[in-house]
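Listing of entry.txt; format and content: compact mmCIF, C-alpha atoms.
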```txt
# COMPACT_ATOMS: atom_id res chain seq x y z
CA MET A 775 -26.22 9.95 -22.72
CA THR A 776 -22.79 8.63 -21.77
CA ASN A 777 -23.86 7.31 -18.40
CA SER A 778 -26.75 5.23 -19.73
CA VAL A 779 -24.55 3.70 -22.42
CA HIS A 780 -21.91 2.81 -19.83
CA ALA A 781 -24.51 1.54 -17.35
CA ASP A 782 -25.95 -0.89 -19.87
CA PHE A 783 -22.53 -2.53 -20.05
CA TYR A 784 -21.07 -2.14 -16.54
CA ARG A 785 -24.15 -2.89 -14.44
CA GLY A 786 -23.47 -6.12 -12.53
CA ARG A 787 -20.04 -6.70 -14.05
CA LYS A 788 -17.04 -7.54 -11.88
CA VAL A 789 -14.42 -4.82 -12.35
CA LEU A 790 -10.92 -4.87 -10.86
CA VAL A 791 -9.29 -1.46 -10.43
CA THR A 792 -5.63 -1.36 -9.45
CA GLY A 793 -4.43 1.86 -7.87
CA HIS A 794 -7.97 2.57 -6.66
CA THR A 795 -6.74 4.49 -3.61
CA GLY A 796 -5.17 7.17 -5.81
CA PHE A 797 -6.81 10.34 -7.07
CA LYS A 798 -7.83 9.09 -10.51
CA GLY A 799 -8.62 5.61 -9.20
CA ALA A 800 -11.03 6.94 -6.58
CA TRP A 801 -12.92 8.97 -9.21
CA LEU A 802 -13.13 5.87 -11.42
CA VAL A 803 -14.39 3.68 -8.58
CA GLU A 804 -17.09 6.22 -7.69
CA TRP A 805 -18.25 6.34 -11.31
CA LEU A 806 -18.26 2.55 -11.59
CA LEU A 807 -20.36 2.31 -8.43
CA GLU A 808 -22.81 4.81 -9.92
CA LEU A 809 -23.00 2.55 -12.99
CA GLY A 810 -23.83 -0.48 -10.85
CA ALA A 811 -20.56 -2.36 -11.23
CA ASP A 812 -19.22 -4.83 -8.66
CA VAL A 813 -15.84 -3.31 -7.87
CA VAL A 814 -12.69 -4.89 -6.44
CA GLY A 815 -9.75 -2.61 -5.70
CA TYR A 816 -6.10 -3.62 -5.32
CA ALA A 817 -3.63 -0.97 -4.15
CA LEU A 818 -1.43 0.29 -1.38
CA ALA A 819 -2.99 2.44 1.32
CA PRO A 820 -3.56 6.05 0.23
CA SER A 821 -0.30 7.96 -0.06
CA THR A 822 -1.77 11.30 1.07
CA ASP A 823 -3.76 12.55 4.02
CA PRO A 824 -6.39 13.63 3.24
CA SER A 825 -7.16 11.31 0.33
CA LEU A 826 -10.15 11.16 -1.96
CA PHE A 827 -10.46 7.41 -1.37
CA ALA A 828 -10.89 7.95 2.37
CA ALA A 829 -13.10 11.01 1.93
CA LEU A 830 -15.47 8.97 -0.26
CA ARG A 831 -15.48 6.07 2.26
CA GLN A 832 -14.86 3.64 -0.56
CA ALA A 833 -13.38 0.96 1.68
CA ASP A 834 -16.95 0.36 2.86
CA LYS A 835 -18.40 0.25 -0.67
CA ILE A 836 -16.11 -2.15 -2.53
CA GLN A 837 -13.93 -5.18 -1.94
CA HIS A 838 -10.84 -3.28 -0.84
CA VAL A 839 -7.58 -5.26 -1.05
CA VAL A 840 -4.42 -3.65 0.29
CA GLY A 841 -1.55 -4.99 -1.77
CA ASP A 842 1.51 -4.10 -3.80
CA VAL A 843 1.65 -4.70 -7.56
CA ARG A 844 5.34 -5.52 -7.09
CA ASP A 845 4.33 -8.57 -5.04
CA ALA A 846 3.78 -10.94 -7.95
CA SER A 847 2.41 -13.82 -5.87
CA MET A 848 -0.12 -11.73 -3.92
CA PHE A 849 -1.12 -9.81 -7.03
CA ARG A 850 -1.70 -13.02 -8.99
CA GLN A 851 -3.87 -14.43 -6.20
CA ALA A 852 -5.89 -11.21 -5.98
CA VAL A 853 -6.57 -11.25 -9.74
CA LYS A 854 -7.59 -14.90 -9.56
CA GLU A 855 -9.97 -14.32 -6.64
CA ALA A 856 -11.49 -11.22 -8.23
CA ASN A 857 -12.19 -13.18 -11.43
CA PRO A 858 -12.94 -9.89 -13.21
CA ASP A 859 -14.73 -9.17 -16.45
CA VAL A 860 -12.83 -5.88 -16.79
CA ILE A 861 -9.53 -4.66 -15.37
CA PHE A 862 -8.42 -1.03 -15.21
CA HIS A 863 -4.73 -0.94 -14.31
CA LEU A 864 -4.00 2.46 -12.79
CA ALA A 865 -1.52 1.46 -10.08
CA ALA A 866 1.63 3.52 -10.60
CA GLN A 867 4.28 5.79 -9.21
CA PRO A 868 2.82 8.81 -11.04
CA LEU A 869 5.13 11.72 -10.19
CA VAL A 870 7.98 12.90 -12.42
CA ARG A 871 9.96 14.60 -9.67
CA GLN A 872 9.62 11.62 -7.32
CA SER A 873 10.91 9.41 -10.12
CA TYR A 874 14.16 11.41 -10.09
CA ARG A 875 14.46 10.78 -6.36
CA GLU A 876 13.31 7.13 -6.47
CA PRO A 877 14.12 5.74 -9.93
CA LEU A 878 14.27 2.06 -8.96
CA GLU A 879 10.91 2.23 -7.19
CA THR A 880 9.43 3.96 -10.23
CA PHE A 881 10.63 1.29 -12.65
CA ALA A 882 9.61 -1.51 -10.27
CA VAL A 883 6.05 -0.20 -9.88
CA ASN A 884 5.37 1.07 -13.37
CA LEU A 885 7.14 -1.59 -15.43
CA MET A 886 7.25 -4.70 -13.27
CA GLY A 887 3.85 -4.00 -11.68
CA THR A 888 2.35 -3.99 -15.16
CA ALA A 889 4.30 -7.11 -16.15
CA ASN A 890 3.04 -8.88 -13.01
CA LEU A 891 -0.55 -8.17 -14.01
CA LEU A 892 -0.01 -9.42 -17.54
CA ASP A 893 1.74 -12.55 -16.28
CA ALA A 894 -1.16 -13.22 -13.90
CA LEU A 895 -3.46 -13.31 -16.93
CA ARG A 896 -1.42 -15.84 -18.91
CA GLY A 897 -3.51 -18.94 -19.43
CA TRP A 898 -6.73 -17.06 -18.53
CA ASP A 899 -9.61 -19.09 -19.93
CA ARG A 900 -12.54 -16.67 -19.76
CA PRO A 901 -13.28 -13.31 -21.39
CA CYS A 902 -11.52 -10.39 -19.73
CA VAL A 903 -10.88 -6.88 -21.00
CA VAL A 904 -7.84 -4.97 -19.72
CA VAL A 905 -7.09 -1.26 -20.03
CA VAL A 906 -3.55 -0.42 -18.93
CA VAL A 907 -3.25 3.29 -18.19
CA THR A 908 0.08 4.90 -19.05
CA THR A 909 0.65 8.59 -19.87
CA ASP A 910 1.12 11.24 -22.55
CA LYS A 911 4.74 11.39 -21.39
CA CYS A 912 5.52 7.94 -22.82
CA TYR A 913 6.41 9.55 -26.15
CA GLU A 914 9.93 10.64 -27.08
CA ASN A 915 9.33 14.34 -26.59
CA ILE A 916 11.01 16.41 -29.30
CA GLU A 917 9.23 19.60 -28.20
CA THR A 918 7.14 19.70 -31.37
CA ASP A 919 4.04 21.83 -31.91
CA ALA A 920 2.31 18.84 -33.47
CA GLY A 921 0.27 16.47 -31.34
CA TYR A 922 1.77 13.03 -30.78
CA VAL A 923 -0.11 10.15 -32.40
CA GLU A 924 -0.23 6.58 -31.17
CA THR A 925 2.35 5.36 -33.71
CA ASP A 926 4.99 7.94 -32.73
CA ARG A 927 8.24 6.81 -31.16
CA LEU A 928 8.18 6.04 -27.44
CA GLY A 929 10.84 7.33 -25.08
CA GLY A 930 11.43 9.33 -21.92
CA ARG A 931 14.26 11.43 -20.50
CA ASP A 932 13.14 11.04 -16.90
CA PRO A 933 12.60 7.74 -15.04
CA TYR A 934 8.81 8.21 -14.86
CA SER A 935 8.35 8.80 -18.59
CA CYS A 936 10.77 6.02 -19.50
CA SER A 937 9.09 3.55 -17.13
CA LYS A 938 5.72 4.24 -18.76
CA ALA A 939 7.17 3.81 -22.26
CA MET A 940 8.60 0.50 -21.09
CA ALA A 941 5.19 -0.51 -19.72
CA GLU A 942 3.73 0.18 -23.17
CA LEU A 943 6.36 -2.06 -24.74
CA ALA A 944 5.71 -4.78 -22.17
CA VAL A 945 1.98 -4.73 -22.95
CA ASP A 946 2.69 -5.04 -26.66
CA ALA A 947 5.11 -7.95 -26.11
CA PHE A 948 2.68 -9.84 -23.86
CA ARG A 949 -0.21 -9.12 -26.22
CA GLN A 950 1.63 -10.55 -29.22
CA SER A 951 3.12 -13.47 -27.27
CA TYR A 952 0.19 -14.61 -25.14
CA PHE A 953 -2.99 -12.67 -25.98
CA SER A 954 -2.98 -12.69 -29.77
CA GLN A 955 -6.19 -11.98 -31.64
CA THR A 956 -4.76 -12.93 -35.05
CA ASP A 957 -5.66 -16.60 -34.66
CA HIS A 958 -9.34 -16.15 -35.46
CA ALA A 959 -10.00 -19.86 -34.91
CA SER A 960 -8.79 -19.61 -31.32
CA PRO A 961 -8.22 -15.99 -30.24
CA SER A 962 -7.20 -15.22 -26.67
CA PRO A 963 -10.14 -14.47 -24.38
CA VAL A 964 -8.04 -11.64 -22.91
CA ARG A 965 -8.21 -8.36 -24.82
CA ILE A 966 -5.72 -5.66 -23.83
CA ALA A 967 -5.43 -1.97 -24.75
CA THR A 968 -3.39 0.91 -23.38
CA ALA A 969 -4.60 4.43 -22.63
CA ARG A 970 -2.41 7.53 -22.75
CA ALA A 971 -3.96 10.55 -21.04
CA GLY A 972 -2.89 14.15 -20.58
CA ASN A 973 -2.37 16.13 -17.38
CA VAL A 974 -5.42 15.29 -15.31
CA ILE A 975 -6.83 17.69 -12.73
CA GLY A 976 -9.96 17.81 -10.59
CA GLY A 977 -11.20 17.91 -7.03
CA GLY A 978 -9.76 15.61 -4.40
CA ASP A 979 -6.13 15.49 -5.51
CA TRP A 980 -3.69 16.12 -2.66
CA ALA A 981 -0.52 14.70 -4.21
CA PRO A 982 2.75 16.62 -3.84
CA ASP A 983 4.40 18.38 -6.79
CA ARG A 984 1.17 18.85 -8.72
CA ILE A 985 0.04 22.31 -9.62
CA ILE A 986 -3.58 22.19 -8.40
CA PRO A 987 -2.91 20.61 -4.98
CA ASP A 988 0.06 22.95 -4.56
CA CYS A 989 -2.24 25.92 -5.26
CA VAL A 990 -4.83 24.64 -2.77
CA ARG A 991 -2.17 24.22 -0.09
CA ALA A 992 -0.80 27.69 -0.84
CA VAL A 993 -4.24 29.27 -0.34
CA GLN A 994 -4.79 27.35 2.88
CA ALA A 995 -1.39 28.44 4.21
CA ASP A 996 -1.78 32.01 2.92
CA GLN A 997 1.48 31.57 1.02
CA PRO A 998 2.30 32.27 -2.64
CA ILE A 999 2.46 29.38 -5.08
CA ARG A 1000 5.96 29.09 -6.51
CA LEU A 1001 6.04 28.22 -10.22
CA ARG A 1002 9.12 26.33 -11.38
CA TYR A 1003 8.29 26.15 -15.08
CA PRO A 1004 5.59 28.77 -15.68
CA GLN A 1005 5.76 28.59 -19.49
CA SER A 1006 5.67 24.78 -19.75
CA THR A 1007 2.62 23.75 -21.76
CA ARG A 1008 0.55 20.67 -20.99
CA PRO A 1009 -2.71 19.09 -22.21
CA TRP A 1010 -4.84 19.87 -19.15
CA GLN A 1011 -8.10 17.94 -18.79
CA HIS A 1012 -10.65 17.23 -16.09
CA VAL A 1013 -10.26 13.75 -14.59
CA LEU A 1014 -13.69 12.71 -15.90
CA ASP A 1015 -12.60 13.18 -19.52
CA PRO A 1016 -10.00 10.37 -19.68
CA LEU A 1017 -12.09 8.18 -17.36
CA ASP A 1018 -14.93 8.41 -19.87
CA GLY A 1019 -12.39 7.35 -22.49
CA TYR A 1020 -11.24 4.36 -20.43
CA LEU A 1021 -14.83 3.26 -19.83
CA SER A 1022 -15.62 3.61 -23.53
CA LEU A 1023 -12.50 1.74 -24.63
CA ALA A 1024 -13.09 -1.22 -22.30
CA ARG A 1025 -16.77 -1.44 -23.26
CA GLN A 1026 -16.15 -1.37 -26.99
CA LEU A 1027 -13.21 -3.75 -26.71
CA ALA A 1028 -15.45 -6.24 -24.88
CA GLU A 1029 -18.29 -5.87 -27.36
CA ALA A 1030 -16.14 -6.01 -30.50
CA LYS A 1031 -16.59 -8.91 -32.88
CA ALA A 1032 -13.64 -11.15 -33.63
CA GLY A 1033 -12.53 -9.28 -36.74
CA GLU A 1034 -12.71 -5.90 -34.99
CA VAL A 1035 -10.63 -6.64 -31.89
CA GLU A 1036 -7.19 -6.02 -33.37
CA ASP A 1037 -8.07 -2.43 -34.18
CA LEU A 1038 -9.06 -1.82 -30.54
CA ALA A 1039 -6.49 -3.94 -28.70
CA THR A 1040 -3.81 -1.29 -29.06
CA ALA A 1041 -2.95 2.21 -27.80
CA PHE A 1042 -5.30 5.21 -27.58
CA ASN A 1043 -4.63 8.84 -26.70
CA PHE A 1044 -7.16 10.61 -24.48
CA GLY A 1045 -6.32 14.29 -24.42
CA PRO A 1046 -8.18 17.60 -24.46
CA CYS A 1047 -8.90 19.77 -27.45
CA ARG A 1048 -5.95 21.86 -28.62
CA GLY A 1049 -7.41 24.93 -26.91
CA SER A 1050 -6.87 23.27 -23.52
CA ASN A 1051 -3.12 23.04 -24.03
CA ARG A 1052 -2.11 25.89 -21.72
CA SER A 1053 0.93 26.93 -19.78
CA VAL A 1054 1.36 26.43 -16.05
CA ALA A 1055 1.07 30.19 -15.67
CA ASP A 1056 -2.27 30.09 -17.52
CA VAL A 1057 -3.58 27.44 -15.13
CA VAL A 1058 -2.65 29.47 -12.07
CA GLY A 1059 -4.05 32.63 -13.64
CA ALA A 1060 -7.37 30.88 -14.30
CA LEU A 1061 -7.41 29.61 -10.72
CA GLN A 1062 -6.82 33.13 -9.44
CA GLN A 1063 -10.13 34.13 -11.01
CA GLN A 1064 -11.78 31.51 -8.77
CA TRP A 1065 -9.54 32.19 -5.74
CA PRO A 1066 -8.48 35.87 -5.71
CA GLU A 1067 -6.51 35.13 -2.56
CA LEU A 1068 -4.13 32.87 -4.56
CA GLN A 1069 -0.74 34.55 -4.96
CA ARG A 1070 1.98 33.44 -7.35
CA VAL A 1071 5.67 34.01 -7.76
CA PHE A 1072 8.06 32.63 -10.36
CA ASP A 1073 10.88 30.50 -9.09
CA THR A 1074 13.99 28.89 -10.55
CA PRO A 1075 13.79 25.08 -10.60
CA PRO A 1076 15.89 24.13 -7.55
CA GLU A 1077 17.10 20.70 -8.65
CA GLY A 1078 17.86 21.45 -12.29
CA TRP A 1079 15.95 18.33 -13.39
CA HIS A 1080 14.60 18.26 -16.92
CA GLU A 1081 10.88 18.67 -17.52
CA ALA A 1082 9.28 18.91 -20.96
CA GLY A 1083 8.61 22.40 -22.23
CA GLN A 1084 5.57 21.54 -24.31
CA LEU A 1085 3.49 18.46 -24.89
CA PHE A 1086 0.44 17.86 -27.05
CA LEU A 1087 -1.68 14.78 -27.79
CA ALA A 1088 -3.58 14.06 -31.00
CA THR A 1089 -6.85 12.27 -30.21
CA ASP A 1090 -8.16 11.67 -33.74
CA ARG A 1091 -8.03 7.91 -33.31
CA ALA A 1092 -10.15 7.91 -30.15
CA GLN A 1093 -12.63 10.25 -31.80
CA GLN A 1094 -12.91 8.25 -35.01
CA ARG A 1095 -12.72 4.70 -33.61
CA LEU A 1096 -14.44 5.12 -30.23
CA GLY A 1097 -16.60 8.18 -30.85
CA TRP A 1098 -14.90 9.78 -27.84
CA ALA A 1099 -14.09 13.43 -27.31
CA GLY A 1100 -13.45 15.44 -24.15
CA ARG A 1101 -16.54 17.26 -22.88
CA TRP A 1102 -15.23 19.95 -20.54
CA ASP A 1103 -13.04 22.69 -21.97
CA PHE A 1104 -10.23 24.40 -20.09
CA GLU A 1105 -12.41 27.05 -18.44
CA THR A 1106 -15.01 24.49 -17.33
CA THR A 1107 -12.29 22.18 -16.04
CA ILE A 1108 -10.78 24.92 -13.88
CA ARG A 1109 -14.18 26.02 -12.61
CA LYS A 1110 -15.30 22.51 -11.71
CA THR A 1111 -12.02 21.84 -9.94
CA ALA A 1112 -12.32 25.03 -7.92
CA GLU A 1113 -15.97 24.29 -7.09
CA TRP A 1114 -15.02 20.88 -5.67
CA TYR A 1115 -12.25 22.24 -3.43
CA ARG A 1116 -14.34 25.20 -2.28
CA GLY A 1117 -17.25 22.90 -1.48
CA PHE A 1118 -14.96 20.58 0.46
CA ALA A 1119 -13.48 23.52 2.40
CA ASP A 1120 -17.00 24.73 3.20
CA GLY A 1121 -17.90 21.35 4.72
CA ARG A 1122 -19.90 19.83 1.88
CA GLU A 1123 -19.95 16.04 1.80
CA PRO A 1124 -17.22 14.97 -0.68
CA GLY A 1125 -19.25 12.04 -2.02
CA THR A 1126 -22.05 14.41 -2.94
CA LEU A 1127 -19.62 16.80 -4.62
CA THR A 1128 -18.05 13.99 -6.62
CA ARG A 1129 -21.27 12.30 -7.69
CA GLU A 1130 -22.82 15.64 -8.69
CA GLN A 1131 -19.96 16.31 -11.05
CA ILE A 1132 -20.13 12.80 -12.49
CA THR A 1133 -23.84 13.33 -13.15
CA GLN A 1134 -23.22 16.74 -14.72
CA TYR A 1135 -20.46 15.36 -16.93
CA ALA A 1136 -22.50 12.36 -18.07
CA ALA A 1137 -25.48 14.57 -18.84
CA GLY A 1138 -23.35 17.04 -20.77
CA THR A 1139 -24.09 19.91 -18.38
CA GLN A 1140 -21.66 22.32 -16.77
CA GLU A 1141 -23.58 23.92 -13.92
CA SER A 1142 -24.09 22.63 -10.40
CA PRO A 1143 -27.68 21.60 -9.56
CA SER A 1144 -27.85 24.40 -6.99
CA THR A 1145 -26.88 27.08 -9.56
CA SER A 1146 -28.55 25.83 -12.74
CA THR A 1147 -31.67 27.50 -14.06
```
Take the structure in this file and express it as structure tokens.
Amino acid sequence: MTNSVHADFYRGRKVLVTGHTGFKGAWLVEWLLELGADVVGYALAPSTDPSLFAALRQADKIQHVVGDVRDASMFRQAVKEANPDVIFHLAAQPLVRQSYREPLETFAVNLMGTANLLDALRGWDRPCVVVVVTTDKCYENIETDAGYVETDRLGGRDPYSCSKAMAELAVDAFRQSYFSQTDHASPSPVRIATARAGNVIGGGDWAPDRIIPDCVRAVQADQPIRLRYPQSTRPWQHVLDPLDGYLSLARQLAEAKAGEVEDLATAFNFGPCRGSNRSVADVVGALQQQWPELQRVFDTPPEGWHEAGQLFLATDRAQQRLGWAGRWDFETTIRKTAEWYRGFADGREPGTLTREQITQYAAGTQESPSTST
């Protein structure tokens, strides 16, 4: 099973996770702890209250370093002191609409934060595997029905998307300049890949301007959820799907023999099956089956900012090269997300909720232990 394969590699390894106080970072940290890894986190304090990081009490479980990836000196020192075997770089300004409001902050965090990490690794003299997480939105979106592949042109009409495309270019430049694997007599001990995931959802996300947290807040406030772009299509996936991809990529990159590294030290898409590409209206409709009290209304986008109408990822490379494929389909993803939030609202311990779903995912099951037969 996935978990046992990961555990064989991650048990006892030092893993640095940047952005660990965010939604996806907290899920990754919890999974790494379940695998027996020694985790160091570097990030700002959680940006939401509540936050999954705080709910899981992870500050007591890992070496928790509060720091800014834009602070090159502090970041360099933190990387040096962590002395990691594996780095997952998730620290980011992750919101499209916030990027319109704060473009300079977005570029500083997403581009320069990534460059600061890469610069901290220059001259590194021991093996280290790095997975830099970007986004499906790093592609130049021409609103095609075809799924984007890793060799498609990068771009971005909004500051967030553009900043992530620039981060991809920065990784490639650093990789070729300082972390080359082409010199087989003396390859760099640092192996770097990038990961481009779809729209990630799951329990414990309370960020603004995201459809699931907005729906949860609407139910709690007994207010309708207002949909700005109801027909926009996205590759929705449960948070555990891309995290499984990141764990697989880092493991296989570390274990690859010299002649195999170049094929892995590059970009990988981690998206759902085509059937999980659904509209925003479809997502809310599916949630209404879990929460009948959820009301929806359609609204005109107030700011007039551009957002992509449709977006698909092709994941053939991850499937063929890594043996990875998403496990939970759209219906399961929505159900698991709703189960987490309902359990949390009913007073269930969030760590138990989270670890149960990690166990179910790793075992390839879809039902909660309390409801399985």
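Atom CA of A:Asn857 is positioned 20.2 Å from atom CA of A:Gln832.
All protein, DNA and RNA residues at most 12 Å from (-0.2, 12.1, 1.4) are Thr795, Gly796, Phe797, Ala819, Pro820, Ser821, Thr822, Asp823, Pro824, Ser825, Leu826, Phe827, Ala828, Gly978, Asp979, Trp980, Ala981, Pro982, Asp983 and Pro987 of chain A, using all atoms listed in the file.
Of the listed residues A:Val803, A:Val993, A:Ala969, A:Val813, the one whose atoms come nearest to A:Arg1091 is A:Ala969, with distances taken using all atoms listed in the file.
Between atom CA of A:Leu1021 and atom CA of A:Leu806 there is a distance of 9.0 Å.
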Discussion item. Using all atoms listed in the file for the distances, tell me which of A:Ala1028, A:Ile985, A:Leu1061, A:Cys902 is nearest to A:Pro858.
Written reply: A:Cys902
Worksheet item: If you count all atoms listed in the file, which residues fall within 12 Å of A:Ala1136, apart from same-chain ones fewer than 6 positions away, as a list in words?
Response: Met775, Thr776, Asn777, Ser778, Val779, His780, Ala781, Trp805, Glu808, Leu809, Leu1014, Asp1015, Leu1017, Asp1018, Gly1100, Arg1101, Trp1102, Arg1129 and Glu1130 of chain A
For the residues in the current selection, export C-alpha atoms as a PDB file, in the frame of the given file.
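So result-v1.pdb came out as:
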```pdb
ATOM      1  CA  MET A 775     -26.220   9.950 -22.720  1.00  0.00           C
ATOM      2  CA  THR A 776     -22.790   8.630 -21.770  1.00  0.00           C
ATOM      3  CA  ASN A 777     -23.860   7.310 -18.400  1.00  0.00           C
ATOM      4  CA  SER A 778     -26.750   5.230 -19.730  1.00  0.00           C
ATOM      5  CA  VAL A 779     -24.550   3.700 -22.420  1.00  0.00           C
ATOM      6  CA  HIS A 780     -21.910   2.810 -19.830  1.00  0.00           C
ATOM      7  CA  ALA A 781     -24.510   1.540 -17.350  1.00  0.00           C
ATOM      8  CA  TRP A 805     -18.250   6.340 -11.310  1.00  0.00           C
ATOM      9  CA  GLU A 808     -22.810   4.810  -9.920  1.00  0.00           C
ATOM     10  CA  LEU A 809     -23.000   2.550 -12.990  1.00  0.00           C
ATOM     11  CA  LEU A1014     -13.690  12.710 -15.900  1.00  0.00           C
ATOM     12  CA  ASP A1015     -12.600  13.180 -19.520  1.00  0.00           C
ATOM     13  CA  LEU A1017     -12.090   8.180 -17.360  1.00  0.00           C
ATOM     14  CA  ASP A1018     -14.930   8.410 -19.870  1.00  0.00           C
ATOM     15  CA  GLY A1100     -13.450  15.440 -24.150  1.00  0.00           C
ATOM     16  CA  ARG A1101     -16.540  17.260 -22.880  1.00  0.00           C
ATOM     17  CA  TRP A1102     -15.230  19.950 -20.540  1.00  0.00           C
ATOM     18  CA  ARG A1129     -21.270  12.300  -7.690  1.00  0.00           C
ATOM     19  CA  GLU A1130     -22.820  15.640  -8.690  1.00  0.00           C
TER      20      GLU A1130
END
```
Give one line per residue of stretch 891-980 of chain A that approaches stretch 1109-1113 of chain A to at most 9 Å, naming the two atoms of the closest pair and their distance in Å to one decimal, counting all atoms listed in the file; sort by chain then ascending residue number and deliver it as CSV.
```
residue,atom,partner,partner_atom,distance
A:Ile975,CA,A:Thr1111,CA,7.2
A:Gly976,CA,A:Thr1111,CA,4.6
A:Gly977,CA,A:Thr1111,CA,5.0
A:Gly978,CA,A:Thr1111,CA,8.6
```
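The environment of stretch 791-794 of chain A within 6 Å, counting all atoms listed in the file and disregarding residues fewer than 2 places along the same chain, consists of A:Gly796, A:Gly799, A:Ala800, A:Gly815, A:Tyr816, A:Ala817, A:Ile861, A:Phe862, A:His863, A:Leu864, A:Ala865.
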Worksheet item: Which residue out of A:Lys788, A:Trp1114, A:Ala852, A:Gly1019 has the minimum interatomic distance to A:Thr1126 when only C-alpha atoms are used?
Response: A:Trp1114
Worksheet entry | Shell of 7 Å around A:Thr1089, only C-alpha atoms, local chain residues under 6 positions omitted, as a ChimeraX atom specification | /A:1043-1045
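By chain and then residue number, the residues within 9 Å of A:Gly786 are A:Leu809, A:Gly810, A:Ala811, A:Asp812, counting only C-alpha atoms and disregarding those fewer than 4 positions away in sequence.
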